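Data block for work36.pdb (PDB, N, CA and C atoms):
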MODEL        1
ATOM      1  N   MET T 980       0.812  -1.182   0.000
ATOM      2  CA  MET T 980       0.000   0.000   0.000
ATOM      3  C   MET T 980       0.871   1.268   0.000
ATOM      4  N   ARG T 981       1.924   1.239   0.841
ATOM      5  CA  ARG T 981       2.808   2.396   0.905
ATOM      6  C   ARG T 981       3.488   2.613  -0.436
ATOM      7  N   PHE T 982       3.864   1.536  -1.083
ATOM      8  CA  PHE T 982       4.540   1.634  -2.369
ATOM      9  C   PHE T 982       3.645   2.304  -3.403
ATOM     10  N   VAL T 983       2.350   1.971  -3.384
ATOM     11  CA  VAL T 983       1.398   2.540  -4.340
ATOM     12  C   VAL T 983       1.254   4.040  -4.091
ATOM     13  N   LEU T 984       1.154   4.431  -2.821
ATOM     14  CA  LEU T 984       1.013   5.846  -2.491
ATOM     15  C   LEU T 984       2.273   6.615  -2.869
ATOM     16  N   LEU T 985       3.435   6.045  -2.589
ATOM     17  CA  LEU T 985       4.684   6.723  -2.932
ATOM     18  C   LEU T 985       4.849   6.813  -4.433
ATOM     19  N   SER T 986       4.444   5.751  -5.164
ATOM     20  CA  SER T 986       4.535   5.777  -6.629
ATOM     21  C   SER T 986       3.609   6.831  -7.209
ATOM     22  N   ALA T 987       2.402   6.919  -6.673
ATOM     23  CA  ALA T 987       1.435   7.909  -7.170
ATOM     24  C   ALA T 987       1.932   9.317  -6.873
ATOM     25  N   LEU T 988       2.496   9.504  -5.705
ATOM     26  CA  LEU T 988       3.015  10.818  -5.331
ATOM     27  C   LEU T 988       4.182  11.217  -6.215
ATOM     28  N   SER T 989       5.106  10.303  -6.479
ATOM     29  CA  SER T 989       6.242  10.627  -7.336
ATOM     30  C   SER T 989       5.796  10.868  -8.766
ATOM     31  N   LEU T 990       4.759  10.143  -9.222
ATOM     32  CA  LEU T 990       4.218  10.363 -10.565
ATOM     33  C   LEU T 990       3.597  11.756 -10.664
ATOM     34  N   PHE T 991       2.871  12.167  -9.609
ATOM     35  CA  PHE T 991       2.231  13.473  -9.590
ATOM     36  C   PHE T 991       3.280  14.585  -9.610
ATOM     37  N   ILE T 992       4.348  14.424  -8.822
ATOM     38  CA  ILE T 992       5.403  15.437  -8.756
ATOM     39  C   ILE T 992       6.153  15.521 -10.069
ATOM     40  N   SER T 993       6.449  14.378 -10.699
ATOM     41  CA  SER T 993       7.216  14.398 -11.931
ATOM     42  C   SER T 993       6.402  14.921 -13.105
ATOM     43  N   SER T 994       5.064  14.830 -13.033
ATOM     44  CA  SER T 994       4.253  15.303 -14.151
ATOM     45  C   SER T 994       3.918  16.789 -14.037
ATOM     46  N   ALA T 995       4.273  17.432 -12.941
ATOM     47  CA  ALA T 995       3.984  18.867 -12.785
ATOM     48  C   ALA T 995       4.843  19.663 -13.755
ATOM     49  N   ASP T 996       4.225  20.636 -14.388
ATOM     50  CA  ASP T 996       4.952  21.473 -15.346
ATOM     51  C   ASP T 996       5.718  22.566 -14.601
ATOM     52  N   ALA T 997       6.930  22.790 -15.026
ATOM     53  CA  ALA T 997       7.742  23.853 -14.428
ATOM     54  C   ALA T 997       7.325  25.188 -15.013
ATOM     55  N   GLN T 998       7.274  26.199 -14.173
ATOM     56  CA  GLN T 998       6.935  27.545 -14.626
ATOM     57  C   GLN T 998       8.173  28.183 -15.231
ATOM     58  N   PRO T 999       8.054  28.756 -16.431
ATOM     59  CA  PRO T 999       9.235  29.417 -16.994
ATOM     60  C   PRO T 999       9.555  30.697 -16.218
ATOM     61  N   GLY T1000      10.828  30.975 -16.051
ATOM     62  CA  GLY T1000      11.264  32.174 -15.353
ATOM     63  C   GLY T1000      11.177  33.390 -16.267
ATOM     64  N   PRO T1001      11.436  34.556 -15.724
ATOM     65  CA  PRO T1001      11.397  35.748 -16.562
ATOM     66  C   PRO T1001      12.527  35.697 -17.589
ATOM     67  N   PRO T1002      12.297  36.234 -18.768
ATOM     68  CA  PRO T1002      13.349  36.192 -19.787
ATOM     69  C   PRO T1002      14.542  37.037 -19.350
ATOM     70  N   PRO T1003      15.747  36.561 -19.617
ATOM     71  CA  PRO T1003      16.918  37.350 -19.220
ATOM     72  C   PRO T1003      16.979  38.624 -20.060
ATOM     73  N   SER T1004      17.256  39.717 -19.424
ATOM     74  CA  SER T1004      17.340  40.974 -20.173
ATOM     75  C   SER T1004      18.803  41.301 -20.419
ATOM     76  N   ALA T1005      19.059  41.887 -21.538
ATOM     77  CA  ALA T1005      20.437  42.194 -21.928
ATOM     78  C   ALA T1005      21.005  43.341 -21.098
ATOM     79  N   THR T1006      20.215  44.371 -20.835
ATOM     80  CA  THR T1006      20.700  45.516 -20.055
ATOM     81  C   THR T1006      19.696  45.818 -18.951
ATOM     82  N   PRO T1007      20.187  46.201 -17.779
ATOM     83  CA  PRO T1007      19.263  46.548 -16.696
ATOM     84  C   PRO T1007      18.570  47.873 -17.013
ATOM     85  N   PRO T1008      17.417  48.107 -16.404
ATOM     86  CA  PRO T1008      16.729  49.371 -16.663
ATOM     87  C   PRO T1008      17.578  50.543 -16.170
ATOM     88  N   PRO T1009      17.465  51.708 -16.787
ATOM     89  CA  PRO T1009      18.281  52.859 -16.371
ATOM     90  C   PRO T1009      17.877  53.346 -14.984
ATOM     91  N   LEU T1010      18.850  53.864 -14.251
ATOM     92  CA  LEU T1010      18.597  54.408 -12.913
ATOM     93  C   LEU T1010      17.959  55.788 -13.045
ATOM     94  N   PRO T1011      17.082  56.140 -12.094
ATOM     95  CA  PRO T1011      16.492  57.477 -12.149
ATOM     96  C   PRO T1011      17.562  58.530 -11.848
ATOM     97  N   PRO T1012      17.401  59.742 -12.348
ATOM     98  CA  PRO T1012      18.394  60.785 -12.075
ATOM     99  C   PRO T1012      18.382  61.157 -10.594
ATOM    100  N   PRO T1013      19.513  61.580 -10.048
ATOM    101  CA  PRO T1013      19.552  61.960  -8.626
ATOM    102  C   PRO T1013      18.693  63.208  -8.391
ATOM    103  N   PRO T1014      18.153  63.347  -7.190
ATOM    104  CA  PRO T1014      17.324  64.515  -6.909
ATOM    105  C   PRO T1014      18.168  65.796  -6.923
ATOM    106  N   ALA T1015      17.539  66.875  -7.289
ATOM    107  CA  ALA T1015      18.236  68.161  -7.313
ATOM    108  C   ALA T1015      18.503  68.619  -5.878
ATOM    109  N   ILE T1016      19.659  69.186  -5.652
ATOM    110  CA  ILE T1016      20.033  69.670  -4.325
ATOM    111  C   ILE T1016      19.782  71.172  -4.277
ATOM    112  N   ALA T1017      19.065  71.578  -3.257
ATOM    113  CA  ALA T1017      18.764  73.002  -3.112
ATOM    114  C   ALA T1017      20.051  73.767  -2.796
ATOM    115  N   PRO T1018      20.200  74.961  -3.334
ATOM    116  CA  PRO T1018      21.405  75.745  -3.048
ATOM    117  C   PRO T1018      21.419  76.201  -1.586
ATOM    118  N   LEU T1019      22.600  76.333  -1.049
ATOM    119  CA  LEU T1019      22.775  76.802   0.323
ATOM    120  C   LEU T1019      22.571  78.313   0.339
ATOM    121  N   VAL T1020      21.655  78.754   1.171
ATOM    122  CA  VAL T1020      21.343  80.181   1.246
ATOM    123  C   VAL T1020      21.758  80.686   2.615
ATOM    124  N   MET T1021      22.586  81.681   2.636
ATOM    125  CA  MET T1021      23.022  82.275   3.895
ATOM    126  C   MET T1021      22.102  83.443   4.231
ATOM    127  N   MET T1022      21.453  83.360   5.369
ATOM    128  CA  MET T1022      20.571  84.434   5.806
ATOM    129  C   MET T1022      21.274  85.220   6.897
ATOM    130  N   PRO T1023      21.389  86.512   6.739
ATOM    131  CA  PRO T1023      22.042  87.307   7.782
ATOM    132  C   PRO T1023      21.193  87.316   9.056
ATOM    133  N   VAL T1024      21.863  87.198  10.184
ATOM    134  CA  VAL T1024      21.193  87.222  11.476
ATOM    135  C   VAL T1024      21.513  88.556  12.132
ATOM    136  N   PRO T1025      20.486  89.337  12.492
ATOM    137  CA  PRO T1025      20.776  90.606  13.166
ATOM    138  C   PRO T1025      21.355  90.338  14.556
ATOM    139  N   VAL T1026      22.528  90.857  14.796
ATOM    140  CA  VAL T1026      23.219  90.621  16.069
ATOM    141  C   VAL T1026      23.333  91.949  16.808
ATOM    142  N   PRO T1027      22.985  91.959  18.093
ATOM    143  CA  PRO T1027      23.126  93.197  18.866
ATOM    144  C   PRO T1027      24.605  93.561  19.028
ATOM    145  N   PRO T1028      24.904  94.810  19.349
ATOM    146  CA  PRO T1028      26.307  95.205  19.545
ATOM    147  C   PRO T1028      26.973  94.311  20.600
ATOM    148  N   GLN T1029      28.174  93.845  20.286
ATOM    149  CA  GLN T1029      28.952  92.944  21.149
ATOM    150  C   GLN T1029      28.233  91.613  21.395
ATOM    151  N   GLY T1030      27.251  91.268  20.554
ATOM    152  CA  GLY T1030      26.499  90.029  20.715
ATOM    153  C   GLY T1030      27.162  88.860  20.003
ATOM    154  N   CYS T1031      26.586  87.693  20.158
ATOM    155  CA  CYS T1031      27.110  86.457  19.569
ATOM    156  C   CYS T1031      25.983  85.706  18.873
ATOM    157  N   VAL T1032      26.352  84.778  17.992
ATOM    158  CA  VAL T1032      25.384  83.932  17.291
ATOM    159  C   VAL T1032      25.630  82.487  17.702
ATOM    160  N   TRP T1033      24.543  81.775  18.030
ATOM    161  CA  TRP T1033      24.612  80.360  18.378
ATOM    162  C   TRP T1033      23.398  79.688  17.737
ATOM    163  N   ALA T1034      23.627  78.692  16.895
ATOM    164  CA  ALA T1034      22.568  77.934  16.231
ATOM    165  C   ALA T1034      21.616  78.860  15.478
ATOM    166  N   SER T1035      22.180  79.782  14.724
ATOM    167  CA  SER T1035      21.435  80.745  13.907
ATOM    168  C   SER T1035      20.535  81.664  14.718
ATOM    169  N   ARG T1036      20.861  81.871  15.966
ATOM    170  CA  ARG T1036      20.121  82.805  16.818
ATOM    171  C   ARG T1036      21.109  83.775  17.444
ATOM    172  N   SER T1037      20.671  85.004  17.598
ATOM    173  CA  SER T1037      21.576  86.008  18.169
ATOM    174  C   SER T1037      21.333  86.135  19.669
ATOM    175  N   PHE T1038      22.424  86.380  20.384
ATOM    176  CA  PHE T1038      22.380  86.556  21.835
ATOM    177  C   PHE T1038      23.186  87.791  22.197
ATOM    178  N   SER T1039      22.757  88.468  23.248
ATOM    179  CA  SER T1039      23.442  89.683  23.662
ATOM    180  C   SER T1039      24.673  89.352  24.496
ATOM    181  N   ASP T1040      25.499  90.349  24.701
ATOM    182  CA  ASP T1040      26.721  90.206  25.500
ATOM    183  C   ASP T1040      26.341  89.728  26.898
ATOM    184  N   GLY T1041      27.026  88.705  27.397
ATOM    185  CA  GLY T1041      26.761  88.169  28.728
ATOM    186  C   GLY T1041      25.907  86.911  28.720
ATOM    187  N   ALA T1042      25.352  86.526  27.575
ATOM    188  CA  ALA T1042      24.556  85.287  27.516
ATOM    189  C   ALA T1042      25.467  84.096  27.808
ATOM    190  N   ALA T1043      24.941  83.100  28.510
ATOM    191  CA  ALA T1043      25.757  81.951  28.903
ATOM    192  C   ALA T1043      24.960  80.660  28.754
ATOM    193  N   PHE T1044      25.673  79.580  28.399
ATOM    194  CA  PHE T1044      25.085  78.248  28.267
ATOM    195  C   PHE T1044      25.980  77.238  28.960
ATOM    196  N   CYS T1045      25.353  76.295  29.678
ATOM    197  CA  CYS T1045      26.105  75.189  30.256
ATOM    198  C   CYS T1045      26.336  74.160  29.161
ATOM    199  N   MET T1046      27.576  73.717  29.014
ATOM    200  CA  MET T1046      27.936  72.731  28.003
ATOM    201  C   MET T1046      28.211  71.365  28.625
ATOM    202  N   GLY T1047      28.245  71.297  29.915
ATOM    203  CA  GLY T1047      28.512  70.058  30.625
ATOM    204  C   GLY T1047      28.444  70.319  32.118
ATOM    205  N   PRO T1048      28.782  69.329  32.944
ATOM    206  CA  PRO T1048      28.677  69.494  34.391
ATOM    207  C   PRO T1048      29.573  70.589  34.959
ATOM    208  N   SER T1049      30.684  70.910  34.285
ATOM    209  CA  SER T1049      31.570  71.938  34.841
ATOM    210  C   SER T1049      32.095  72.889  33.770
ATOM    211  N   SER T1050      31.439  72.967  32.617
ATOM    212  CA  SER T1050      31.895  73.897  31.583
ATOM    213  C   SER T1050      30.727  74.734  31.073
ATOM    214  N   GLN T1051      31.048  75.973  30.761
ATOM    215  CA  GLN T1051      30.047  76.932  30.350
ATOM    216  C   GLN T1051      30.642  77.818  29.264
ATOM    217  N   ILE T1052      29.818  78.271  28.307
ATOM    218  CA  ILE T1052      30.287  79.263  27.346
ATOM    219  C   ILE T1052      29.528  80.558  27.609
ATOM    220  N   ILE T1053      30.258  81.661  27.507
ATOM    221  CA  ILE T1053      29.698  82.985  27.780
ATOM    222  C   ILE T1053      30.027  83.885  26.597
ATOM    223  N   CYS T1054      29.037  84.675  26.161
ATOM    224  CA  CYS T1054      29.253  85.644  25.091
ATOM    225  C   CYS T1054      29.928  86.870  25.707
ATOM    226  N   LYS T1055      31.178  87.109  25.270
ATOM    227  CA  LYS T1055      31.939  88.262  25.780
ATOM    228  C   LYS T1055      32.480  89.045  24.597
ATOM    229  N   ALA T1056      32.023  90.252  24.438
ATOM    230  CA  ALA T1056      32.524  91.166  23.403
ATOM    231  C   ALA T1056      32.463  90.541  22.006
ATOM    232  N   GLY T1057      31.354  89.862  21.699
ATOM    233  CA  GLY T1057      31.162  89.316  20.364
ATOM    234  C   GLY T1057      31.764  87.946  20.114
ATOM    235  N   ARG T1058      32.327  87.303  21.128
ATOM    236  CA  ARG T1058      32.927  85.969  20.971
ATOM    237  C   ARG T1058      32.469  85.070  22.114
ATOM    238  N   TRP T1059      32.355  83.777  21.809
ATOM    239  CA  TRP T1059      32.020  82.808  22.848
ATOM    240  C   TRP T1059      33.298  82.413  23.573
ATOM    241  N   ASP T1060      33.257  82.455  24.889
ATOM    242  CA  ASP T1060      34.411  82.133  25.715
ATOM    243  C   ASP T1060      34.034  80.957  26.617
ATOM    244  N   ALA T1061      34.847  79.905  26.620
ATOM    245  CA  ALA T1061      34.588  78.731  27.456
ATOM    246  C   ALA T1061      35.246  78.918  28.815
ATOM    247  N   VAL T1062      34.484  78.637  29.868
ATOM    248  CA  VAL T1062      35.003  78.757  31.231
ATOM    249  C   VAL T1062      34.607  77.513  32.022
ATOM    250  N   THR T1063      35.358  77.250  33.083
ATOM    251  CA  THR T1063      35.040  76.163  34.002
ATOM    252  C   THR T1063      34.309  76.768  35.191
ATOM    253  N   THR T1064      33.188  76.169  35.551
ATOM    254  CA  THR T1064      32.381  76.709  36.643
ATOM    255  C   THR T1064      31.643  75.583  37.348
ATOM    256  N   GLU T1065      31.297  75.809  38.578
ATOM    257  CA  GLU T1065      30.497  74.845  39.339
ATOM    258  C   GLU T1065      29.011  75.156  39.216
ATOM    259  N   ALA T1066      28.652  76.217  38.505
ATOM    260  CA  ALA T1066      27.245  76.601  38.362
ATOM    261  C   ALA T1066      26.477  75.601  37.498
ATOM    262  N   CYS T1067      27.163  74.776  36.747
ATOM    263  CA  CYS T1067      26.508  73.825  35.822
ATOM    264  C   CYS T1067      26.565  72.392  36.339
ATOM    265  N   ARG T1068      26.544  72.186  37.636
ATOM    266  CA  ARG T1068      26.702  70.849  38.202
ATOM    267  C   ARG T1068      25.673  69.852  37.686
ATOM    268  N   ALA T1069      24.428  70.246  37.492
ATOM    269  CA  ALA T1069      23.381  69.304  37.088
ATOM    270  C   ALA T1069      23.182  69.245  35.585
ATOM    271  N   ALA T1070      23.964  69.978  34.809
ATOM    272  CA  ALA T1070      23.777  70.010  33.361
ATOM    273  C   ALA T1070      24.322  68.745  32.712
ATOM    274  N   HIS T1071      23.592  68.226  31.732
ATOM    275  CA  HIS T1071      24.054  67.083  30.955
ATOM    276  C   HIS T1071      24.912  67.583  29.799
ATOM    277  N   PRO T1072      25.910  66.810  29.364
ATOM    278  CA  PRO T1072      26.732  67.250  28.222
ATOM    279  C   PRO T1072      25.899  67.378  26.945
ATOM    280  N   ILE T1073      26.250  68.324  26.101
ATOM    281  CA  ILE T1073      25.574  68.502  24.815
ATOM    282  C   ILE T1073      26.120  67.491  23.824
ATOM    283  N   ASP T1074      25.225  66.806  23.114
ATOM    284  CA  ASP T1074      25.620  65.835  22.093
ATOM    285  C   ASP T1074      25.779  66.588  20.775
ATOM    286  N   ALA T1075      27.008  66.828  20.358
ATOM    287  CA  ALA T1075      27.270  67.637  19.156
ATOM    288  C   ALA T1075      27.645  66.754  17.976
ATOM    289  N   ARG T1076      26.882  65.679  17.736
ATOM    290  CA  ARG T1076      27.167  64.815  16.588
ATOM    291  C   ARG T1076      26.728  65.438  15.316
TER     292      ARG T1076
ENDMDL
END
Exercise: express the given structure as structure tokens:
Amino acid sequence: MRFVLLSALSLFISSADAQPGPPPSATPPPLPPPPAIAPLVMMPVPVPPQGCVWASRSFSDGAAFCMGPSSQIICKAGRWDAVTTEACRAAHPIDAR
């Protein structure tokens, strides 16, 4: 009985028609053109006298930011100056990736 079932099964499998695959193409389809890149536009930022710019924003003289637990930057006479201070004890470091 097993032989008959196995014979019938093998006959059924061998008589199945194979599906033809897609025809091989000589050349691949062309790639789409790359997207256009917008031009870089510089926008002037109005800065107060002796002020500084940070992240495209203007700050007046004396503005300060904590950069980590013991470092701070302060706008002094138009430039950012890094100082060590204990005033930023609870500040997390800035991730500048």
*Taking (28.5, 83.0, 32.4) in the file's own coordinates, collect the residues within 7 Å, counting all atoms listed in the file, and hand them back as JSON, numbers by chain.*
{"T": [1041, 1042, 1043, 1044, 1051, 1052, 1053, 1054]}
*Given the choices T:Pro1018, T:Gly1057, T:Pro1008, T:Ser1050, which gets closest to T:Val1032 if the distance is worked out from only N, CA and C atoms?*
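That would be T:Gly1057, the residue with the smallest distance to T:Val1032.
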*Using only N, CA and C atoms: which of T:Gly1047, T:Cys1031, T:Ala1056, T:Phe1038 has the shortest distance to T:Ala1069*: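 Nearest to T:Ala1069: T:Gly1047.
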_Could you tell me, as a list of chain:residue names, exactly which residues end up selected when the PyMOL selection byres ((chain T and resi 1028) around 6.5) is applied to this structure?_
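Selection result, ordered by chain and number: T:Val1026, T:Pro1027, T:Gln1029, T:Gly1030, T:Asp1040, T:Gly1057.
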Restricting the output to N, CA and C atoms, write the selected residues as a PDB file, in the frame of the given file.
ATOM      1  N   VAL T1026      22.528  90.857  14.796  1.00  0.00           N
ATOM      2  CA  VAL T1026      23.219  90.621  16.069  1.00  0.00           C
ATOM      3  C   VAL T1026      23.333  91.949  16.808  1.00  0.00           C
ATOM      4  N   PRO T1027      22.985  91.959  18.093  1.00  0.00           N
ATOM      5  CA  PRO T1027      23.126  93.197  18.866  1.00  0.00           C
ATOM      6  C   PRO T1027      24.605  93.561  19.028  1.00  0.00           C
ATOM      7  N   GLN T1029      28.174  93.845  20.286  1.00  0.00           N
ATOM      8  CA  GLN T1029      28.952  92.944  21.149  1.00  0.00           C
ATOM      9  C   GLN T1029      28.233  91.613  21.395  1.00  0.00           C
ATOM     10  N   GLY T1030      27.251  91.268  20.554  1.00  0.00           N
ATOM     11  CA  GLY T1030      26.499  90.029  20.715  1.00  0.00           C
ATOM     12  C   GLY T1030      27.162  88.860  20.003  1.00  0.00           C
ATOM     13  N   ASP T1040      25.499  90.349  24.701  1.00  0.00           N
ATOM     14  CA  ASP T1040      26.721  90.206  25.500  1.00  0.00           C
ATOM     15  C   ASP T1040      26.341  89.728  26.898  1.00  0.00           C
ATOM     16  N   GLY T1057      31.354  89.862  21.699  1.00  0.00           N
ATOM     17  CA  GLY T1057      31.162  89.316  20.364  1.00  0.00           C
ATOM     18  C   GLY T1057      31.764  87.946  20.114  1.00  0.00           C
TER      19      GLY T1057
END
*State, in Å with one decimal place, the distance from atom CA of T:Ser1049 to atom CA of T:Arg1068.*
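Atom CA of T:Ser1049 sits 6.0 Å away from atom CA of T:Arg1068.
For the atom pair formed by atom CA of T:Pro1023 and atom CA of T:Asp1060, the distance is 22.4 Å, given to one decimal.
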*asked:* I'd like the interatomic distance between atom CA of T:Cys1045 and atom CA of T:Cys1067, to a tenth of an Å.
replied: 5.7 Å
